[in-house]
file protein_30.cif (mmCIF, C-alpha atoms)
data_upload
loop_
_atom_site.group_PDB
_atom_site.id
_atom_site.type_symbol
_atom_site.label_atom_id
_atom_site.label_comp_id
_atom_site.auth_asym_id
_atom_site.auth_seq_id
_atom_site.Cartn_x
_atom_site.Cartn_y
_atom_site.Cartn_z
ATOM 1 C CA MET A 1 0.000 0.000 0.000
ATOM 2 C CA VAL A 2 1.530 3.309 -1.129
ATOM 3 C CA GLN A 3 0.579 6.412 0.824
ATOM 4 C CA ASN A 4 0.652 9.896 -0.606
ATOM 5 C CA VAL A 5 3.155 11.672 1.649
ATOM 6 C CA ASN A 6 4.033 15.319 1.199
ATOM 7 C CA ILE A 7 7.801 15.858 1.397
ATOM 8 C CA THR A 8 7.316 18.743 3.822
ATOM 9 C CA ASP A 9 5.742 16.325 6.323
ATOM 10 C CA LYS A 10 9.302 15.177 7.017
ATOM 11 C CA PHE A 11 10.356 18.687 8.054
ATOM 12 C CA ILE A 12 10.302 19.741 11.699
ATOM 13 C CA VAL A 13 10.642 23.501 11.952
ATOM 14 C CA VAL A 14 12.418 24.567 15.139
ATOM 15 C CA GLY A 15 11.680 27.510 17.436
ATOM 16 C CA ASP A 16 10.461 30.767 15.941
ATOM 17 C CA ARG A 17 11.293 29.806 12.353
ATOM 18 C CA VAL A 18 8.897 29.617 9.398
ATOM 19 C CA LEU A 19 9.324 27.449 6.272
ATOM 20 C CA ILE A 20 8.302 29.340 3.135
ATOM 21 C CA LYS A 21 7.845 28.236 -0.467
ATOM 22 C CA PRO A 22 8.905 31.295 -2.501
ATOM 23 C CA LYS A 23 6.570 32.709 -5.110
ATOM 24 C CA SER A 24 7.681 32.205 -8.670
ATOM 25 C CA LEU A 25 9.284 35.420 -9.781
ATOM 26 C CA ASP A 26 8.361 37.213 -12.972
ATOM 27 C CA GLU A 27 11.066 36.881 -15.555
ATOM 28 C CA ARG A 28 9.978 40.090 -17.269
ATOM 29 C CA THR A 29 9.359 43.645 -16.190
ATOM 30 C CA LYS A 30 6.026 45.343 -16.869
ATOM 31 C CA SER A 31 7.478 46.778 -20.086
ATOM 32 C CA GLY A 32 8.466 43.299 -21.317
ATOM 33 C CA ILE A 33 12.231 43.277 -20.648
ATOM 34 C CA TYR A 34 13.588 39.899 -19.529
ATOM 35 C CA LEU A 35 15.513 39.982 -16.233
ATOM 36 C CA PRO A 36 18.453 37.708 -15.457
ATOM 37 C CA PRO A 37 18.057 35.488 -12.356
ATOM 38 C CA GLY A 38 20.767 37.404 -10.438
ATOM 39 C CA ILE A 39 18.719 40.612 -10.457
ATOM 40 C CA GLN A 40 15.662 38.907 -8.982
ATOM 41 C CA GLU A 41 17.685 37.245 -6.219
ATOM 42 C CA LYS A 42 19.210 40.558 -5.094
ATOM 43 C CA ALA A 43 15.848 42.013 -4.091
ATOM 44 C CA LYS A 44 15.839 42.946 -0.421
ATOM 45 C CA ILE A 45 12.228 41.954 0.160
ATOM 46 C CA GLN A 46 10.735 38.683 -1.015
ATOM 47 C CA SER A 47 7.409 36.903 -0.681
ATOM 48 C CA GLY A 48 6.159 33.348 -0.524
ATOM 49 C CA TYR A 49 3.650 31.003 1.055
ATOM 50 C CA VAL A 50 4.022 29.611 4.570
ATOM 51 C CA ILE A 51 4.390 25.818 4.390
ATOM 52 C CA LYS A 52 5.205 25.061 8.040
ATOM 53 C CA THR A 53 5.834 26.968 11.258
ATOM 54 C CA GLY A 54 7.847 26.211 14.342
ATOM 55 C CA PRO A 55 6.251 25.964 17.790
ATOM 56 C CA GLY A 56 7.123 29.575 18.665
ATOM 57 C CA TYR A 57 9.243 31.416 21.175
ATOM 58 C CA PRO A 58 10.354 29.190 24.068
ATOM 59 C CA VAL A 59 9.307 30.338 27.529
ATOM 60 C CA GLY A 60 10.998 29.290 30.736
ATOM 61 C CA PRO A 61 9.142 27.233 33.342
ATOM 62 C CA PRO A 62 6.935 29.133 35.765
ATOM 63 C CA PRO A 63 8.372 29.765 39.216
ATOM 64 C CA GLU A 64 7.794 27.089 41.825
ATOM 65 C CA SER A 65 4.522 27.621 43.605
ATOM 66 C CA ASP A 66 3.359 26.319 46.949
ATOM 67 C CA GLU A 67 -0.269 26.501 45.776
ATOM 68 C CA PRO A 68 -1.436 22.861 45.477
ATOM 69 C CA TRP A 69 -4.457 23.619 43.262
ATOM 70 C CA LYS A 70 -2.319 24.965 40.397
ATOM 71 C CA GLU A 71 -1.563 22.554 37.589
ATOM 72 C CA GLN A 72 2.071 21.477 37.430
ATOM 73 C CA VAL A 73 3.659 22.133 34.033
ATOM 74 C CA SER A 74 6.516 19.816 33.158
ATOM 75 C CA GLY A 75 6.906 20.101 29.356
ATOM 76 C CA ALA A 76 8.284 22.887 27.214
ATOM 77 C CA GLN A 77 6.060 25.921 26.712
ATOM 78 C CA TYR A 78 6.006 28.260 23.712
ATOM 79 C CA ILE A 79 4.456 31.568 22.723
ATOM 80 C CA PRO A 80 2.901 30.713 19.328
ATOM 81 C CA LEU A 81 3.720 32.528 16.091
ATOM 82 C CA GLN A 82 1.277 34.683 14.126
ATOM 83 C CA ALA A 83 2.072 32.948 10.839
ATOM 84 C CA LYS A 84 -0.175 30.052 9.826
ATOM 85 C CA VAL A 85 0.091 27.517 7.030
ATOM 86 C CA GLY A 86 -1.207 29.021 3.783
ATOM 87 C CA ASP A 87 -0.439 32.646 4.641
ATOM 88 C CA MET A 88 1.405 34.803 2.138
ATOM 89 C CA ALA A 89 4.481 36.199 3.901
ATOM 90 C CA ILE A 90 6.512 39.226 2.867
ATOM 91 C CA PHE A 91 9.918 39.060 4.500
ATOM 92 C CA ILE A 92 13.444 40.491 4.524
ATOM 93 C CA GLN A 93 15.637 38.279 2.379
ATOM 94 C CA ASN A 94 18.917 39.097 4.198
ATOM 95 C CA SER A 95 17.688 37.277 7.313
ATOM 96 C CA SER A 96 16.536 34.156 5.462
ATOM 97 C CA TYR A 97 18.274 30.896 4.570
ATOM 98 C CA GLU A 98 17.594 29.133 1.307
ATOM 99 C CA ILE A 99 17.594 25.342 1.117
ATOM 100 C CA GLU A 100 16.909 22.877 -1.663
ATOM 101 C CA TYR A 101 15.344 19.506 -0.908
ATOM 102 C CA GLU A 102 14.437 16.984 -3.610
ATOM 103 C CA GLU A 103 14.802 19.660 -6.299
ATOM 104 C CA GLU A 104 12.370 22.024 -4.532
ATOM 105 C CA ARG A 105 13.456 25.423 -3.215
ATOM 106 C CA TYR A 106 12.435 26.496 0.289
ATOM 107 C CA ILE A 107 13.337 29.424 2.509
ATOM 108 C CA ILE A 108 13.702 29.318 6.296
ATOM 109 C CA VAL A 109 12.853 32.685 7.824
ATOM 110 C CA PRO A 110 12.941 33.777 11.472
ATOM 111 C CA ASN A 111 9.627 35.205 12.624
ATOM 112 C CA SER A 112 11.272 38.582 13.305
ATOM 113 C CA ALA A 113 12.147 38.949 9.578
ATOM 114 C CA ILE A 114 8.512 38.674 8.465
ATOM 115 C CA LEU A 115 7.150 42.129 7.692
ATOM 116 C CA LEU A 116 3.606 41.293 6.625
ATOM 117 C CA LEU A 117 1.251 38.317 6.505
ATOM 118 C CA ILE A 118 -1.658 38.126 4.079
ATOM 119 C CA ARG A 119 -4.342 35.682 5.164
ATOM 120 C CA GLU A 120 -7.176 35.000 2.739
ATOM 121 C CA ASP A 121 -9.626 33.421 5.179
ATOM 122 C CA ASP A 122 -9.735 36.321 7.624
ATOM 123 C CA GLU A 123 -12.995 38.094 8.229
ATOM 124 C CA LEU A 124 -12.121 41.615 7.056
ATOM 125 C CA ASP A 125 -15.428 42.989 8.334
ATOM 126 C CA TYR A 126 -14.340 42.099 11.869
ATOM 127 C CA TYR A 127 -11.204 44.246 11.554
ATOM 128 C CA LEU A 128 -12.904 47.154 9.776
ATOM 129 C CA LYS A 129 -15.501 47.773 12.519
#
call {"tool": "encode", "arguments": {"input": "protein_30.cif", "output": "structure tokens"}}
result
Amino acid sequence: MVQNVNITDKFIVVGDRVLIKPKSLDERTKSGIYLPPGIQEKAKIQSGYVIKTGPGYPVGPPPESDEPWKEQVSGAQYIPLQAKVGDMAIFIQNSSYEIEYEEERYIIVPNSAILLLIREDDELDYYLK
């Protein structure tokens, strides 16, 4: 039995990092001039789609408490990231790391390098009130 497994299911993103699949860049300008690949790669700001996110910023354990009714926390705790799978992220390229896995190009970006997230499923009416 062969299962359909996405290659990104193998990835475990660590900490406050985000795995991004870069958008395909236009090879031509608006006027129709073809651009060499080196020009496109030198752009300071890039965009792509969030494929996976890390657990977030690690937080230290709470101080010991002598209150017996409080729940004891023994595992690692994280402050979650704003980025979610499927978001379009606009980020600073200088802070990112490019990897290639099975002939696919991915970019690992720290959360602090993300400038803007575009989420299609948000209720805009909620924010515009």
call {"tool": "resolve_selection", "arguments": {"input": "protein_30.cif", "expression": "the PyMOL selection byres ((chain A and resi 81-85) around 10)", "output": "ChimeraX atom specification"}}
result
/A:15-20,49-57,78-80,86-89,111,114,116-119
call {"tool": "atom_distance", "arguments": {"input": "protein_30.cif", "atom1": "atom CA of A:Gln93", "atom2": "atom CA of A:Ala113"}}
result
8.0 Å
call {"tool": "residues_around", "arguments": {"input": "protein_30.cif", "residues": "A:Gly60", "least_positions_apart": "3", "cutoff": "9 Å", "atoms": "only C-alpha atoms", "output": "number ranges by chain"}}
result
A: 63, 76-78
call {"tool": "atom_distance", "arguments": {"input": "protein_30.cif", "atom1": "atom CA of A:Ile45", "atom2": "atom CA of A:Ser96"}}
result
10.4 Å
call {"tool": "closest_residue", "arguments": {"input": "protein_30.cif", "among": "A:Gly48, A:Asn6, A:Glu67, A:Val59", "to": "A:Arg105", "atoms": "only C-alpha atoms"}}
result
A:Gly48
call {"tool": "axis_aligned_box", "arguments": {"input": "protein_30.cif", "around": "stretch 94-106 of chain A", "padding_each_side": "5 Å", "output": "JSON"}}
result
{"center_x": 15.6, "center_y": 28.0, "center_z": 0.5, "size_x": 16.5, "size_y": 32.1, "size_z": 23.6}
call {"tool": "resolve_selection", "arguments": {"input": "protein_30.cif", "expression": "the PyMOL selection byres ((chain A and resi 102) around 12)", "output": "PDB file with C-alpha atoms, in the coordinates of the input"}}
result
ATOM      1  CA  ASN A   6       4.033  15.319   1.199  1.00  0.00           C
ATOM      2  CA  ILE A   7       7.801  15.858   1.397  1.00  0.00           C
ATOM      3  CA  THR A   8       7.316  18.743   3.822  1.00  0.00           C
ATOM      4  CA  LYS A  10       9.302  15.177   7.017  1.00  0.00           C
ATOM      5  CA  ILE A  99      17.594  25.342   1.117  1.00  0.00           C
ATOM      6  CA  GLU A 100      16.909  22.877  -1.663  1.00  0.00           C
ATOM      7  CA  TYR A 101      15.344  19.506  -0.908  1.00  0.00           C
ATOM      8  CA  GLU A 103      14.802  19.660  -6.299  1.00  0.00           C
ATOM      9  CA  GLU A 104      12.370  22.024  -4.532  1.00  0.00           C
ATOM     10  CA  ARG A 105      13.456  25.423  -3.215  1.00  0.00           C
ATOM     11  CA  TYR A 106      12.435  26.496   0.289  1.00  0.00           C
TER      12      TYR A 106
END
call {"tool": "atom_distance", "arguments": {"input": "protein_30.cif", "atom1": "atom CA of A:Tyr97", "atom2": "atom CA of A:Pro110"}}
result
9.2 Å
call {"tool": "resolve_selection", "arguments": {"input": "protein_30.cif", "expression": "the PyMOL selection byres ((chain A and resi 46) around 7)", "output": "ChimeraX atom specification"}}
result
/A:43-45,47,90-93
call {"tool": "closest_residue", "arguments": {"input": "protein_30.cif", "among": "A:Pro68, A:Asp9, A:Pro58, A:Val14", "to": "A:Val109", "atoms": "all atoms listed in the file"}}
result
A:Val14
